[in-house]
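These notes concern the structure reproduced below.
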Protein chains: 2
Amino acid sequence: MTEEELMLQQLFDEDKLTDKQKKIIVAAIETFSEKGYAASSTSEIAKKAGVAEGTIFRHYKTKKELLVSIVAPLMTKFIAPLVVMDFNKVLDRDFETVEEFLRATIENRRDLLVRMLPVVKIMFQEIPFQPELREQFLELVVKNIFNRVEKVIIGYQEKGLLIDMPPESIARLTITNILGFLFTRYLLFPHLEWDDELEIERTIQFIMHGVGKKE
Amino acid sequence: MTEEELMLQQLFDEDKLTDKQKKIIVAAIETFSEKGYAASSTSEIAKKAGVAEGTIFRHYKTKKELLVSIVAPLMTKFIAPLVVMDFNKVLDRDFETVEEFLRATIENRRDLLVRMLPVVKIMFQEIPFQPELREQFLELVVKNIFNRVEKVIIGYQEKGLLIDMPPESIARLTITNILGFLFTRYLLFPHLEWDDELEIERTIQFIMHGVGKKE
DNA sequence: AATCAGAGTGAGTAATCACTCATTTTGGAG
DNA sequence: CTCCAAAATGAGTGATTACTCACTCTGATT
């Protein structure tokens, strides 16, 4: 199974798509990711997919619909597992400490991010310009994730494992560091040599204990 | 003096520009920032500037040259003050503690970021697609800033104010949090109500002491 | 074998693109 | 005022854009 098919399987119900439809999606992802949405022409995508330009418009009414149909599924896929994350399970059973919870969360999202890298790149590029994507993102991320994460934080605070800074600030800071690491590692400097395990541990250590030296 | 003229003054030697040249730059910044570079047409920019389309190409050979001439000065302006930041002065004279150093650094860069917001947005949007900008960014930020910051960190480590995690990791984590705050605050959720002073203090506290509760 | 719906085609469309250039306007020096 | 170089113009360029449509192909059903 090729790299592309693996990616497709993550995003779509692969079986319902014809061969040419798959090729269009693969070509579109590659082109959008390399040149950006606005700078990608449908003729170029068709050429790269080995398909007539008209074929694209048989399946997608507009170029924008092609973009949205690629990016939108990623958001739900990326968010879904975190939404169903059972609050009590996380707190009481699986993860005794915050460190373990963070380690599991980072590891869990890292796989998906790496596999979906080109689509993730497209997503962040286009969210500022596509209201449809922005709304979907805000709805999913801000309302679902943020509330969910805040509950987890309050739980750990009650167990005395976290300082009593307001949960939304702890959430902001923690998410900033996790996404900041993934962004720096995989989007900003993917070409540098990274010791992933080590850097994840340092990130977790940093989140928990900061960088100030205790007396 | 208008908002736009204030911005221009930051980026250009205002006096050398004719009235129409200024209007072109203002219109280009506005359009690029709103729609993205590739989706902005020169005819639209000309219209918005109240200028003939040919006038743009009298001063800028290509559309890309217009983009670069807007974004490039920002990078040097943004980086320059940090580069000339005297290592010993920072360490021994002005800032006894890391907290004070962080506070001053965040405050210092925040002004500029807020004033330059539209250009900053254009910069981050286009760096992935414009090799010219990417090279300039890497040269300035990675080599200058990163080395400079590492030296400061080593200095504070020698004074026993920072843990002995490798400086490049401390630098990565600290910069992530500062830029992460500014990004979240001004680009991601500028419409939310923020208590800036408070949130900056929390960010600094987080960097220094983490979120783990001490026994 | 006949039928038919959906997949695929590719030439064609008007609109828009970045850019050119011959010409006119402008503003300051002599 | 005259003069002139730089600034500004806007109609015009060929190329490319997203998208259409009349048509063909394909494979499953009867």
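Residues in the structure tokens are numbered from 1 in each chain, the chains being A, B, ... in the order shown, and ligands are numbered from 1 in the order shown.
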
Counting only C-alpha atoms (C1' of nucleotides), what are the residues of chain D within 12 Å of region 50-73 of chain A, and for each of them which pair of atoms is the nearest and at what distance in Å, to one decimal? Sort the table by chain and rising number, as JSON lines.
```
{"residue": "D:DT17", "atom": "C1'", "partner": "A:Lys63", "partner_atom": "CA", "distance": 11.4}
{"residue": "D:DA18", "atom": "C1'", "partner": "A:Lys63", "partner_atom": "CA", "distance": 7.6}
{"residue": "D:DC19", "atom": "C1'", "partner": "A:Phe57", "partner_atom": "CA", "distance": 7.7}
{"residue": "D:DT20", "atom": "C1'", "partner": "A:Gly54", "partner_atom": "CA", "distance": 8.7}
{"residue": "D:DC21", "atom": "C1'", "partner": "A:Gly54", "partner_atom": "CA", "distance": 9.8}
```

Can you pull out every residue within 12 Å of DC17 (chain C), counting only C-alpha atoms (C1' of nucleotides), but drop anything in the same chain fewer than 4 positions away, and send it as a PDB file with N, CA and C atoms (P, O5', C5', C4', C3', O3' and C1' of nucleotides), in the first residue's frame?
```pdb
ATOM      1  N   ALA A  39      -2.485  29.594  -5.835  1.00  0.00           N
ATOM      2  CA  ALA A  39      -1.485  29.512  -6.903  1.00  0.00           C
ATOM      3  C   ALA A  39      -1.537  28.186  -7.649  1.00  0.00           C
TER       4      ALA A  39
ATOM      5  N   ALA B  38      -1.148  35.360  -3.669  1.00  0.00           N
ATOM      6  CA  ALA B  38      -1.504  34.775  -4.960  1.00  0.00           C
ATOM      7  C   ALA B  38      -2.909  35.184  -5.402  1.00  0.00           C
ATOM      8  N   ALA B  39      -3.794  35.397  -4.450  1.00  0.00           N
ATOM      9  CA  ALA B  39      -5.177  35.726  -4.786  1.00  0.00           C
ATOM     10  C   ALA B  39      -5.394  37.228  -4.974  1.00  0.00           C
ATOM     11  N   SER B  40      -4.335  38.015  -4.807  1.00  0.00           N
ATOM     12  CA  SER B  40      -4.444  39.459  -5.010  1.00  0.00           C
ATOM     13  C   SER B  40      -3.978  39.820  -6.414  1.00  0.00           C
ATOM     14  N   SER B  41      -4.791  40.583  -7.118  1.00  0.00           N
ATOM     15  CA  SER B  41      -4.387  40.982  -8.472  1.00  0.00           C
ATOM     16  C   SER B  41      -3.837  42.402  -8.449  1.00  0.00           C
ATOM     17  N   THR B  42      -2.925  42.629  -9.356  1.00  0.00           N
ATOM     18  CA  THR B  42      -2.310  43.957  -9.428  1.00  0.00           C
ATOM     19  C   THR B  42      -3.351  45.014  -9.806  1.00  0.00           C
ATOM     20  N   SER B  43      -4.330  44.614 -10.587  1.00  0.00           N
ATOM     21  CA  SER B  43      -5.357  45.582 -10.970  1.00  0.00           C
ATOM     22  C   SER B  43      -6.171  46.013  -9.744  1.00  0.00           C
ATOM     23  N   GLU B  44      -6.433  45.057  -8.867  1.00  0.00           N
ATOM     24  CA  GLU B  44      -7.180  45.367  -7.646  1.00  0.00           C
ATOM     25  C   GLU B  44      -6.382  46.315  -6.754  1.00  0.00           C
ATOM     26  N   LYS B  63       5.214  41.612  -9.724  1.00  0.00           N
ATOM     27  CA  LYS B  63       4.343  41.551  -8.560  1.00  0.00           C
ATOM     28  C   LYS B  63       5.115  40.995  -7.350  1.00  0.00           C
TER      29      LYS B  63
ATOM     30  P    DT D  13      -3.623  44.586 -28.986  1.00  0.00           P
ATOM     31  O5'  DT D  13      -2.635  43.623 -28.188  1.00  0.00           O
ATOM     32  C5'  DT D  13      -1.205  43.853 -28.219  1.00  0.00           C
ATOM     33  C4'  DT D  13      -0.522  42.838 -27.334  1.00  0.00           C
ATOM     34  C3'  DT D  13      -1.103  41.437 -27.440  1.00  0.00           C
ATOM     35  O3'  DT D  13      -0.393  40.702 -28.422  1.00  0.00           O
ATOM     36  C1'  DT D  13      -0.706  42.057 -25.139  1.00  0.00           C
ATOM     37  P    DG D  14      -1.102  39.491 -29.168  1.00  0.00           P
ATOM     38  O5'  DG D  14      -0.462  38.206 -28.465  1.00  0.00           O
ATOM     39  C5'  DG D  14       0.858  38.228 -27.944  1.00  0.00           C
ATOM     40  C4'  DG D  14       0.942  37.355 -26.709  1.00  0.00           C
ATOM     41  C3'  DG D  14       0.385  35.937 -26.901  1.00  0.00           C
ATOM     42  O3'  DG D  14       1.266  35.044 -26.226  1.00  0.00           O
ATOM     43  C1'  DG D  14      -0.750  36.985 -25.112  1.00  0.00           C
ATOM     44  P    DA D  15       1.011  33.470 -26.263  1.00  0.00           P
ATOM     45  O5'  DA D  15       0.766  33.190 -24.715  1.00  0.00           O
ATOM     46  C5'  DA D  15       1.580  33.854 -23.747  1.00  0.00           C
ATOM     47  C4'  DA D  15       1.052  33.559 -22.358  1.00  0.00           C
ATOM     48  C3'  DA D  15       0.571  32.117 -22.171  1.00  0.00           C
ATOM     49  O3'  DA D  15       1.075  31.618 -20.940  1.00  0.00           O
ATOM     50  C1'  DA D  15      -1.179  33.644 -21.633  1.00  0.00           C
ATOM     51  P    DT D  16       0.848  30.092 -20.513  1.00  0.00           P
ATOM     52  O5'  DT D  16      -0.343  30.249 -19.458  1.00  0.00           O
ATOM     53  C5'  DT D  16      -0.231  31.238 -18.433  1.00  0.00           C
ATOM     54  C4'  DT D  16      -1.546  31.343 -17.690  1.00  0.00           C
ATOM     55  C3'  DT D  16      -2.182  29.990 -17.344  1.00  0.00           C
ATOM     56  O3'  DT D  16      -2.433  29.963 -15.951  1.00  0.00           O
ATOM     57  C1'  DT D  16      -3.768  31.470 -18.275  1.00  0.00           C
ATOM     58  P    DT D  17      -2.911  28.686 -15.196  1.00  0.00           P
ATOM     59  O5'  DT D  17      -4.357  29.117 -14.692  1.00  0.00           O
ATOM     60  C5'  DT D  17      -4.524  30.350 -13.976  1.00  0.00           C
ATOM     61  C4'  DT D  17      -5.987  30.714 -13.930  1.00  0.00           C
ATOM     62  C3'  DT D  17      -6.924  29.546 -13.734  1.00  0.00           C
ATOM     63  O3'  DT D  17      -7.034  29.277 -12.359  1.00  0.00           O
ATOM     64  C1'  DT D  17      -7.758  31.069 -15.392  1.00  0.00           C
TER      65       DT D  17
END
```

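With the cut-off set to 9 Å and only C-alpha atoms (C1' of nucleotides) counted, chain C residues close to chain B are DC17, DA18, DC19 and DT20 of chain C.
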
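Over all paired C-alpha atoms, chain A superimposes on chain B with an RMSD of 0.1 Å.
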
Please return as a count of residues only: the residues of region 12-200 of chain B that backbone DSSP assigns to alpha helix (DSSP H). 123

From CA of Gly212 (chain A) to CA of Ile154 (chain A) the spacing works out at 24.4 Å

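Relative to CA of Phe183 (chain A), CA of Phe206 (chain A) is found at 16.9 Å.
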
For the contact check between chain A and chain B, emit one row per residue of chain A within 6 Å, containing the shortest atom pair and the distance in Å rounded to one decimal, counting only C-alpha atoms, chain then rising number order, as a Markdown table.
```
| residue | atom | partner | partner_atom | distance |
| --- | --- | --- | --- | --- |
| A:Ala38 | CA | B:Ala38 | CA | 5.6 |
| A:Ala39 | CA | B:Ala38 | CA | 5.6 |
| A:Leu161 | CA | B:Lys213 | CA | 5.5 |
| A:Leu162 | CA | B:Gly212 | CA | 5.0 |
| A:Ile163 | CA | B:Lys213 | CA | 5.1 |
| A:Thr176 | CA | B:Gly180 | CA | 5.9 |
| A:Gly180 | CA | B:Thr176 | CA | 5.9 |
| A:Ile207 | CA | B:Gly210 | CA | 5.0 |
| A:Met208 | CA | B:Gly212 | CA | 4.4 |
| A:His209 | CA | B:Gly210 | CA | 4.1 |
| A:Gly210 | CA | B:Gly210 | CA | 3.7 |
| A:Val211 | CA | B:Met208 | CA | 5.0 |
| A:Gly212 | CA | B:Met208 | CA | 4.4 |
| A:Lys213 | CA | B:Leu162 | CA | 5.0 |
```

Restricting the output to C-alpha atoms, write the selected residues as a PDB file, in the first residue's frame.
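part_29.pdb written:
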```pdb
ATOM      1  CA  ALA A  38      -4.655  30.151  -4.917  1.00  0.00           C
ATOM      2  CA  ALA A  39      -1.485  29.512  -6.903  1.00  0.00           C
ATOM      3  CA  LEU A 161      -1.165  17.817  40.708  1.00  0.00           C
ATOM      4  CA  LEU A 162      -1.427  21.220  39.062  1.00  0.00           C
ATOM      5  CA  ILE A 163      -1.070  24.759  40.374  1.00  0.00           C
ATOM      6  CA  THR A 176       0.884  26.104  22.877  1.00  0.00           C
ATOM      7  CA  GLY A 180       4.619  24.500  19.200  1.00  0.00           C
ATOM      8  CA  ILE A 207       5.552  22.104  31.017  1.00  0.00           C
ATOM      9  CA  MET A 208       5.655  20.523  34.458  1.00  0.00           C
ATOM     10  CA  HIS A 209       8.601  22.268  36.053  1.00  0.00           C
ATOM     11  CA  GLY A 210       9.565  25.250  33.929  1.00  0.00           C
ATOM     12  CA  VAL A 211      13.159  26.272  33.463  1.00  0.00           C
ATOM     13  CA  GLY A 212      13.736  28.184  36.680  1.00  0.00           C
ATOM     14  CA  LYS A 213      16.198  26.675  39.094  1.00  0.00           C
TER      15      LYS A 213
END
```

Checklist entry - Can you tell me, as number ranges by chain, what residues are no more than 10 Å from DC25 (chain D) when counting only C-alpha atoms (C1' of nucleotides), ignoring any on the same chain fewer than 4 positions away? => result C: 7-9

Let me see the file: selected residues, N, CA and C atoms (P, O5', C5', C4', C3', O3' and C1' of nucleotides), as a compact mmCIF listing (two decimals), in the first residue's frame.
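The resulting file, again-v3.txt, is reproduced below:
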```
# COMPACT_ATOMS: atom_id res chain seq x y z
P DA C 7 -20.27 8.70 -11.11
O5' DA C 7 -19.12 8.43 -12.19
C5' DA C 7 -18.68 7.09 -12.38
C4' DA C 7 -17.58 7.07 -13.43
C3' DA C 7 -16.52 8.17 -13.24
O3' DA C 7 -15.25 7.61 -13.49
C1' DA C 7 -17.57 8.38 -15.37
P DG C 8 -13.98 8.50 -13.34
O5' DG C 8 -13.79 9.06 -14.81
C5' DG C 8 -13.55 8.14 -15.87
C4' DG C 8 -13.50 8.90 -17.17
C3' DG C 8 -12.56 10.12 -17.17
O3' DG C 8 -11.52 9.90 -18.11
C1' DG C 8 -14.64 10.58 -18.22
P DT C 9 -10.43 11.05 -18.35
O5' DT C 9 -11.01 11.77 -19.62
C5' DT C 9 -11.27 11.00 -20.81
C4' DT C 9 -11.89 11.88 -21.86
C3' DT C 9 -11.06 13.12 -22.23
O3' DT C 9 -10.61 12.98 -23.55
C1' DT C 9 -13.40 13.60 -22.03
```

Which residues of chain D come within 9 Å of chain B, and for each one, what is the closest pair of atoms and their distance in Å to one decimal, counting only C-alpha atoms (C1' of nucleotides), sorted by chain and residue number, as a tab-separated table?
```
residue	atom	partner	partner_atom	distance
D:DA7	C1'	B:Thr55	CA	8.2
D:DA8	C1'	B:Thr55	CA	6.0
D:DT9	C1'	B:Ala52	CA	6.2
D:DG10	C1'	B:Ala52	CA	7.0
```

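Interatomic distance, CA of Phe32 (chain A) against CA of Pro118 (chain A): 8.4 Å.
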